[in-house]
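Trainee: Contents of run01.tsv (TSV, C-alpha atoms and all ligand atoms) are given next:
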```tsv
chain	number	residue	atom	x	y	z
O	19	MET	CA	134.06	122.76	102.67
O	20	ILE	CA	132.29	119.72	104.16
O	21	ALA	CA	130.72	117.17	101.82
O	22	VAL	CA	127.52	115.76	103.28
O	23	THR	CA	126.27	112.71	101.42
O	24	GLY	CA	122.88	111.48	102.56
O	25	SER	CA	119.11	111.62	102.58
O	26	LEU	CA	116.42	114.25	102.15
O	27	ASN	CA	112.87	113.63	103.35
O	28	ILE	CA	109.65	115.53	103.72
O	29	ASP	CA	108.61	114.90	107.34
O	30	LEU	CA	104.90	114.53	108.11
O	31	VAL	CA	104.67	115.07	111.85
O	32	ALA	CA	101.67	113.97	113.93
O	33	ARG	CA	101.48	115.34	117.46
O	34	VAL	CA	100.15	112.62	119.76
O	35	PRO	CA	99.80	112.31	123.55
O	36	ARG	CA	102.11	109.29	123.52
O	37	ILE	CA	103.73	106.98	120.98
O	38	PRO	CA	101.25	104.17	120.16
O	39	ARG	CA	102.23	100.61	121.03
O	40	PRO	CA	102.10	98.02	118.19
O	41	GLY	CA	98.46	97.49	117.22
O	42	GLU	CA	97.26	100.52	119.21
O	43	THR	CA	95.49	103.65	117.88
O	44	VAL	CA	95.94	107.01	119.61
O	45	LEU	CA	94.15	110.26	118.77
O	46	GLY	CA	96.52	113.10	117.90
O	47	SER	CA	96.10	116.87	117.69
O	48	THR	CA	98.03	118.34	114.71
O	49	LEU	CA	99.64	117.25	111.46
O	50	THR	CA	102.47	119.45	110.16
O	51	ARG	CA	104.91	119.19	107.26
O	52	HIS	CA	108.66	119.87	107.66
O	53	GLN	CA	111.98	119.53	105.87
O	54	GLY	CA	113.93	116.49	107.04
O	55	GLY	CA	116.16	113.54	106.27
O	56	LYS	CA	119.27	112.86	108.31
O	57	GLY	CA	121.63	114.01	105.57
O	58	GLY	CA	119.81	117.26	104.89
O	59	ASN	CA	119.35	117.96	108.58
O	60	GLN	CA	123.05	117.53	109.32
O	61	ALA	CA	124.00	119.69	106.33
O	62	VAL	CA	121.69	122.46	107.56
O	63	ALA	CA	122.94	122.20	111.16
O	64	ALA	CA	126.53	122.65	109.94
O	65	ALA	CA	125.67	125.45	107.47
O	66	ARG	CA	123.75	127.47	110.09
O	67	LEU	CA	126.90	127.44	112.21
O	68	GLY	CA	128.91	128.94	109.38
O	69	ALA	CA	130.44	125.87	107.71
O	70	ALA	CA	130.62	125.74	103.92
O	71	VAL	CA	128.66	122.63	102.89
O	72	ARG	CA	128.11	120.77	99.63
O	73	PHE	CA	125.25	118.25	99.62
O	74	TYR	CA	125.30	115.01	97.60
O	75	GLY	CA	122.02	113.12	97.39
O	76	ALA	CA	118.88	112.57	95.35
O	77	VAL	CA	115.33	113.89	95.21
O	78	GLY	CA	112.38	112.69	93.13
O	79	ASP	CA	110.70	114.48	90.23
O	80	ASP	CA	107.62	115.12	92.37
O	81	GLY	CA	106.66	118.42	94.07
O	82	PHE	CA	108.57	117.45	97.21
O	83	GLY	CA	111.85	117.23	95.25
O	84	ALA	CA	111.86	120.89	94.20
O	85	GLU	CA	110.94	121.93	97.74
O	86	LEU	CA	113.71	119.83	99.30
O	87	SER	CA	116.43	121.21	97.05
O	88	GLU	CA	115.23	124.82	97.41
O	89	ALA	CA	115.30	124.49	101.20
O	90	LEU	CA	119.00	123.53	101.04
O	91	ARG	CA	119.81	126.46	98.75
O	92	ASP	CA	117.97	128.77	101.16
O	93	GLU	CA	120.55	127.69	103.78
O	94	CYS	CA	123.41	128.61	101.39
O	95	ILE	CA	124.26	124.93	100.86
O	96	ASP	CA	125.92	124.03	97.55
O	97	THR	CA	123.50	121.63	95.82
O	98	SER	CA	125.68	120.85	92.78
O	99	GLY	CA	125.86	117.24	94.04
O	100	LEU	CA	122.10	116.80	94.19
O	101	ARG	CA	120.42	114.55	91.58
O	102	ARG	CA	116.81	114.59	90.49
O	103	VAL	CA	115.54	111.10	89.61
O	104	ALA	CA	112.22	109.74	88.37
O	105	GLY	CA	109.80	108.80	91.14
O	106	ALA	CA	108.98	109.86	94.67
O	107	SER	CA	111.19	111.87	97.01
O	108	GLY	CA	111.99	110.53	100.46
O	109	CYS	CA	109.28	110.90	103.07
O	110	ALA	CA	109.14	110.26	106.83
O	111	LEU	CA	106.05	109.63	108.94
O	112	ILE	CA	106.80	110.88	112.44
O	113	SER	CA	104.80	110.68	115.65
O	114	VAL	CA	105.91	113.15	118.31
O	115	ALA	CA	104.58	112.61	121.82
O	116	ASP	CA	103.83	115.30	124.42
O	117	ASP	CA	107.11	114.45	126.22
O	118	GLY	CA	109.05	115.17	122.98
O	119	GLU	CA	109.86	111.52	122.20
O	120	ASN	CA	109.35	110.36	118.62
O	121	ALA	CA	108.84	107.30	116.43
O	122	ILE	CA	109.81	107.52	112.76
O	123	SER	CA	109.03	105.43	109.66
O	124	VAL	CA	111.06	106.41	106.59
O	125	LEU	CA	110.07	105.74	102.96
O	126	PRO	CA	113.45	106.25	101.23
O	127	GLY	CA	112.19	106.87	97.67
O	128	ALA	CA	114.83	108.79	95.71
O	129	ASN	CA	117.37	108.46	98.54
O	130	GLN	CA	118.02	104.96	97.23
O	131	HIS	CA	119.59	106.64	94.19
O	132	ALA	CA	122.06	108.88	96.03
O	133	PRO	CA	125.07	109.39	93.75
O	134	LEU	CA	128.38	107.55	93.96
O	135	PRO	CA	131.46	109.70	94.69
O	136	PRO	CA	133.09	111.64	91.83
O	137	GLY	CA	135.93	109.86	90.03
O	138	VAL	CA	138.42	112.47	91.21
O	139	TRP	CA	137.97	113.79	94.75
O	140	PRO	CA	137.28	117.59	94.61
O	141	ARG	CA	140.13	119.41	96.37
O	142	GLU	CA	137.81	121.85	98.14
O	143	LEU	CA	136.11	119.05	100.11
O	144	ARG	CA	138.06	118.81	103.38
O	145	ALA	CA	135.80	116.41	105.29
O	146	LEU	CA	133.05	113.90	104.49
O	147	LEU	CA	129.96	113.44	106.66
O	148	LEU	CA	127.77	110.37	106.13
O	149	GLN	CA	124.70	108.72	107.67
O	150	LEU	CA	122.90	105.44	106.92
O	151	GLU	CA	119.68	106.54	105.16
O	152	ILE	CA	121.18	105.86	101.73
O	153	PRO	CA	122.32	102.43	100.48
O	154	LEU	CA	125.24	101.01	102.47
O	155	PRO	CA	127.36	100.23	99.34
O	156	THR	CA	127.09	103.95	98.43
O	157	VAL	CA	128.20	104.93	101.93
O	158	VAL	CA	131.17	102.56	101.71
O	159	ALA	CA	132.14	103.86	98.24
O	160	TRP	CA	132.17	107.47	99.52
O	161	ALA	CA	134.17	106.53	102.60
O	162	GLU	CA	136.74	104.68	100.49
O	163	ARG	CA	137.12	107.54	98.00
O	164	ALA	CA	137.49	110.19	100.71
O	165	HIS	CA	139.90	108.08	102.72
O	166	ALA	CA	142.04	107.45	99.63
O	167	ALA	CA	142.17	111.25	99.12
O	168	GLY	CA	143.34	111.75	102.72
O	169	VAL	CA	140.04	113.36	103.76
O	170	PRO	CA	138.60	112.55	107.21
O	171	VAL	CA	135.43	110.44	107.11
O	172	TRP	CA	132.78	111.13	109.76
O	173	LEU	CA	129.82	108.75	110.09
O	174	ASN	CA	126.63	109.10	112.09
O	175	ALA	CA	125.56	105.42	112.16
O	176	ALA	CA	121.82	106.18	112.08
O	177	PRO	CA	119.43	104.58	111.54
O	178	MET	CA	120.86	101.53	113.25
O	179	GLN	CA	122.22	98.74	111.08
O	180	ALA	CA	125.15	96.31	111.02
O	181	LEU	CA	128.36	97.97	109.78
O	182	PRO	CA	131.02	96.16	107.75
O	183	PRO	CA	134.46	96.12	109.44
O	184	GLU	CA	136.02	97.66	106.32
O	185	LEU	CA	133.82	100.76	106.77
O	186	LEU	CA	134.59	101.07	110.49
O	187	ALA	CA	138.30	100.94	109.67
O	188	LEU	CA	138.01	104.01	107.41
O	189	LEU	CA	136.41	106.28	110.00
O	190	ASP	CA	138.06	109.24	111.65
O	191	LEU	CA	134.91	109.81	113.72
O	192	LEU	CA	131.86	107.69	114.53
O	193	VAL	CA	128.77	109.23	116.18
O	194	VAL	CA	126.17	106.86	117.63
O	195	ASN	CA	123.34	106.85	120.16
O	196	GLU	CA	123.11	104.20	122.87
O	197	GLY	CA	121.09	101.78	120.71
O	198	GLU	CA	123.52	102.11	117.81
O	199	LEU	CA	126.47	101.60	120.15
O	200	ALA	CA	124.91	98.38	121.45
O	201	ALA	CA	124.22	97.24	117.87
O	202	LEU	CA	127.97	97.47	117.20
O	203	GLY	CA	128.45	94.93	119.99
O	204	ALA	CA	130.53	97.50	121.87
O	205	ALA	CA	130.10	98.00	125.63
O	206	ASP	CA	131.33	101.61	125.50
O	207	VAL	CA	132.94	104.21	123.24
O	208	ARG	CA	136.46	102.92	123.85
O	209	ALA	CA	135.41	99.41	122.84
O	210	ALA	CA	133.74	100.87	119.72
O	211	ALA	CA	137.00	102.62	118.80
O	212	ALA	CA	138.77	99.26	118.99
O	213	LEU	CA	136.61	98.21	115.99
O	214	GLY	CA	138.37	100.81	113.79
O	215	PRO	CA	137.21	104.43	114.20
O	216	ARG	CA	139.86	106.83	115.53
O	217	ARG	CA	137.31	108.73	117.65
O	218	VAL	CA	133.85	107.70	118.86
O	219	VAL	CA	131.03	109.81	120.34
O	220	ALA	CA	127.93	108.31	121.97
O	221	THR	CA	124.98	110.63	122.56
O	222	LEU	CA	123.04	109.70	125.70
O	223	GLY	CA	119.84	111.75	125.33
O	224	GLY	CA	119.09	113.54	128.59
O	225	ARG	CA	122.44	112.44	130.03
O	226	GLY	CA	124.63	114.32	127.53
O	227	ALA	CA	127.38	112.59	125.57
O	228	VAL	CA	130.53	110.60	126.12
O	229	ALA	CA	133.49	110.36	123.72
O	230	TRP	CA	136.78	108.57	123.18
O	231	ASP	CA	139.26	110.84	121.42
O	232	GLY	CA	141.88	108.16	120.80
O	233	ARG	CA	143.65	108.79	124.11
O	234	GLN	CA	141.09	109.63	126.76
O	235	LEU	CA	137.45	109.60	127.72
O	236	LEU	CA	135.57	112.92	127.50
O	237	GLN	CA	132.23	113.57	129.22
O	238	GLN	CA	129.76	116.19	127.96
O	239	PRO	CA	126.96	116.89	130.46
O	240	ALA	CA	123.46	117.51	129.13
O	241	HIS	CA	122.44	121.11	128.54
O	242	ASP	CA	119.12	122.16	130.13
O	243	ILE	CA	116.32	122.12	127.58
O	244	TRP	CA	112.71	123.00	127.06
O	245	MET	CA	111.69	119.76	125.34
O	246	ILE	CA	109.15	120.18	122.56
O	247	ASP	CA	110.38	117.75	119.90
O	248	SER	CA	113.53	115.61	119.95
O	249	THR	CA	113.34	114.92	116.18
O	250	GLY	CA	116.65	115.98	114.61
O	251	ALA	CA	118.51	116.37	117.92
O	252	GLY	CA	121.07	113.75	116.89
O	253	ASP	CA	121.38	115.38	113.46
O	254	THR	CA	121.94	118.81	115.03
O	255	PHE	CA	124.57	117.31	117.35
O	256	THR	CA	126.42	115.66	114.45
O	257	GLY	CA	126.18	118.65	112.10
O	258	ALA	CA	127.34	121.04	114.82
O	259	LEU	CA	130.20	118.73	115.74
O	260	ALA	CA	131.29	118.57	112.08
O	261	ALA	CA	131.07	122.37	111.69
O	262	SER	CA	133.11	122.93	114.84
O	263	LEU	CA	135.80	120.45	113.78
O	264	VAL	CA	136.14	121.88	110.28
O	265	GLN	CA	136.39	125.35	111.86
O	266	GLY	CA	139.45	124.09	113.76
O	267	ARG	CA	137.97	123.90	117.26
O	268	GLY	CA	139.33	121.33	119.72
O	269	PHE	CA	137.41	118.08	120.15
O	270	ASP	CA	136.29	118.98	123.67
O	271	GLU	CA	134.94	122.38	122.61
O	272	ALA	CA	133.32	120.84	119.52
O	273	LEU	CA	131.49	118.33	121.75
O	274	HIS	CA	130.28	121.12	123.99
O	275	ARG	CA	128.96	123.20	121.08
O	276	ALA	CA	127.28	120.13	119.60
O	277	GLY	CA	125.53	119.33	122.88
O	278	VAL	CA	124.20	122.85	123.34
O	279	ALA	CA	123.10	123.07	119.69
O	280	ALA	CA	121.23	119.75	119.99
O	281	ALA	CA	119.47	120.97	123.13
O	282	LEU	CA	118.36	124.16	121.37
O	283	ALA	CA	117.04	122.10	118.45
O	284	CYS	CA	114.60	120.32	120.79
O	285	GLY	CA	112.81	123.60	121.56
O	286	LYS	CA	110.73	123.72	118.37
O	287	VAL	CA	108.60	121.29	116.36
O	288	GLY	CA	110.40	119.92	113.30
O	289	ALA	CA	113.92	118.62	112.78
O	290	ARG	CA	115.41	121.89	111.49
O	291	GLU	CA	113.25	124.64	113.02
O	292	GLY	CA	115.17	124.84	116.30
O	293	MET	CA	118.70	124.43	114.89
O	294	PRO	CA	120.69	127.47	116.03
O	295	THR	CA	122.73	129.93	114.04
O	296	ALA	CA	126.28	130.62	115.24
O	297	THR	CA	125.07	133.80	116.96
O	298	GLU	CA	122.29	131.96	118.79
O	299	LEU	CA	124.63	129.18	119.86
O	300	ASP	CA	127.31	131.59	121.10
O	301	ALA	CA	124.69	133.51	123.09
O	302	GLU	CA	123.38	130.31	124.72
O	303	ILE	CA	126.91	129.20	125.64
O	304	LEU	CA	127.70	132.65	127.10
O	305	ALA	CA	124.56	132.47	129.24
O	306	GLU	CA	125.46	129.04	130.71
K	401	LIG	O1	116.81	112.25	112.40
K	401	LIG	C1	115.56	112.81	112.11
K	401	LIG	C2	115.19	112.52	110.69
K	401	LIG	O2	115.03	111.12	110.55
K	401	LIG	C3	113.88	113.11	110.24
K	401	LIG	O3	114.02	114.39	109.69
K	401	LIG	C4	113.35	112.07	109.26
K	401	LIG	O4	113.27	112.53	107.96
K	401	LIG	C5	114.29	110.88	109.38
K	401	LIG	O5	115.19	110.86	108.37
```
So, in terms of structure tokens, how does the structure I just supplied come out?

Mentor:
Amino acid sequence: MIAVTGSLNIDLVARVPRIPRPGETVLGSTLTRHQGGKGGNQAVAAARLGAAVRFYGAVGDDGFGAELSEALRDECIDTSGLRRVAGASGCALISVADDGENAISVLPGANQHAPLPPGVWPRELRALLLQLEIPLPTVVAWAERAHAAGVPVWLNAAPMQALPPELLALLDLLVVNEGELAALGAADVRAAAALGPRRVVATLGGRGAVAWDGRQLLQQPAHDIWMIDSTGAGDTFTGALAASLVQGRGFDEALHRAGVAAALACGKVGAREGMPTATELDAEILAE
């Protein structure tokens, strides 16, 4: 079972012709509401591909909170690590442009109260997947506890922020986009691995992904896509990578599956709507 510790948001998505510049107003077409949050999205991406997932996080005692937790249970995700706290649930305001690009503002709400790790690491949790939409000290505490239990720690360093060296040193796998890689002060994935993580993957949008597996550089070309909405593509990539690794697939194959899954996720509006099941992903890979 994978432990995913992270955020849950309700995403309010405005469809606009293009992302407004600072100070600019653009007229959009539709406003839709979706399940989101990087933690929840990655948990769902992994669960749809057949991984057993337990989610640790927090929702508010508002209407959104019940909806967010029910959506995880609908995906057969174990929510025994989910807390309900007083106040608002997380919410994200997202503009999606006609070319599929997005701009996101997150109001963390209850995500700021994501739980600390259990005192004794549960034996059934064989990997830990983290992101950066919950407080950094909580992320570090989870990474330390998992590492002490001999469990691999996987971090998607999104959204971008400075990472303490002690956290980087605990990572078995770091997943970043180009901006997050640059924020680490690393010129490439190999240089990022020199900061501590055993393996590093950089997603390159329409150019695929590149990885350092500790010994060699791996290239993953982009999969052809029908771009509707790129929201959640990075989450699908990371969740699919985690599912593939916990299922015992090689790193190269896991990267391939993650890239194809992320491409499929861009075909529908909403972070989770386009995430494939294992059957859908296998069919797409067969058709390549
Ligand atoms: O990565 C996409 C996610 O970022 C959205 O679902 C939104 O909630 C923000 O967390």

Trainee: Using only C-alpha atoms and all ligand atoms, find the one residue out of O:Val34, O:Ala63, O:Ala21, O:Ala210 that sits nearest to ligand LIG 401 (chain K).

Mentor: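 Smallest distance to ligand LIG 401 (chain K) is found for O:Ala63.
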
Trainee: Determine, counting only C-alpha atoms, which protein, DNA and RNA residues have an atom within 9 Å of an atom of O:Gly83; residues of the same chain fewer than 3 positions away are not included. Present the result as JSON, numbers by chain.

Mentor: {"O": [26, 27, 28, 76, 77, 78, 79, 80, 86, 87, 88, 102, 106, 107, 108, 128]}

Trainee: Enumerate as JSON, numbers by chain the residues within 8 Å of ligand LIG 401 (chain K), counting all atoms listed in the file.

Mentor: {"O": [25, 26, 27, 28, 29, 52, 53, 54, 55, 56, 57, 59, 108, 109, 110, 111, 112, 122, 123, 124, 151, 176, 177, 249, 250, 251, 252, 253, 288, 289, 290]}

Trainee: Atom CA of O:Thr97 to atom CA of O:Arg66: how many Å, to one decimal?

Mentor: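 Pair atom CA of O:Thr97 / atom CA of O:Arg66 returns 15.4 Å.
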
Trainee: Which residues, written as a list of chain:residue names, have at least one atom at most 10 Å from O:Arg36, with only C-alpha atoms counted and residues fewer than 4 positions away on the same chain left out?

Mentor: O:Val44, O:Leu45, O:Gly46, O:Ser113, O:Val114, O:Ala115, O:Asp116, O:Asp117, O:Gly118, O:Glu119, O:Asn120, O:Ala121

Trainee: Find the spatial neighbours of stretch 204-209 of chain O, counting all atoms listed in the file, within a cut-off of 7 Å - ignore same-chain residues fewer than 4 positions away - and output them as a list in words.

Mentor: Leu199, Ala200, Val218, Val219, Ala220, Ala229 and Trp230 of chain O

Trainee: Write out the residues from the selection above, keeping C-alpha atoms, as an mmCIF file, in the frame of the given file.

Mentor:
```cif
data_model
loop_
_atom_site.group_PDB
_atom_site.id
_atom_site.type_symbol
_atom_site.label_atom_id
_atom_site.label_comp_id
_atom_site.auth_asym_id
_atom_site.auth_seq_id
_atom_site.Cartn_x
_atom_site.Cartn_y
_atom_site.Cartn_z
ATOM 1 C CA LEU O 199 126.470 101.600 120.150
ATOM 2 C CA ALA O 200 124.910 98.380 121.450
ATOM 3 C CA VAL O 218 133.850 107.700 118.860
ATOM 4 C CA VAL O 219 131.030 109.810 120.340
ATOM 5 C CA ALA O 220 127.930 108.310 121.970
ATOM 6 C CA ALA O 229 133.490 110.360 123.720
ATOM 7 C CA TRP O 230 136.780 108.570 123.180
#
```
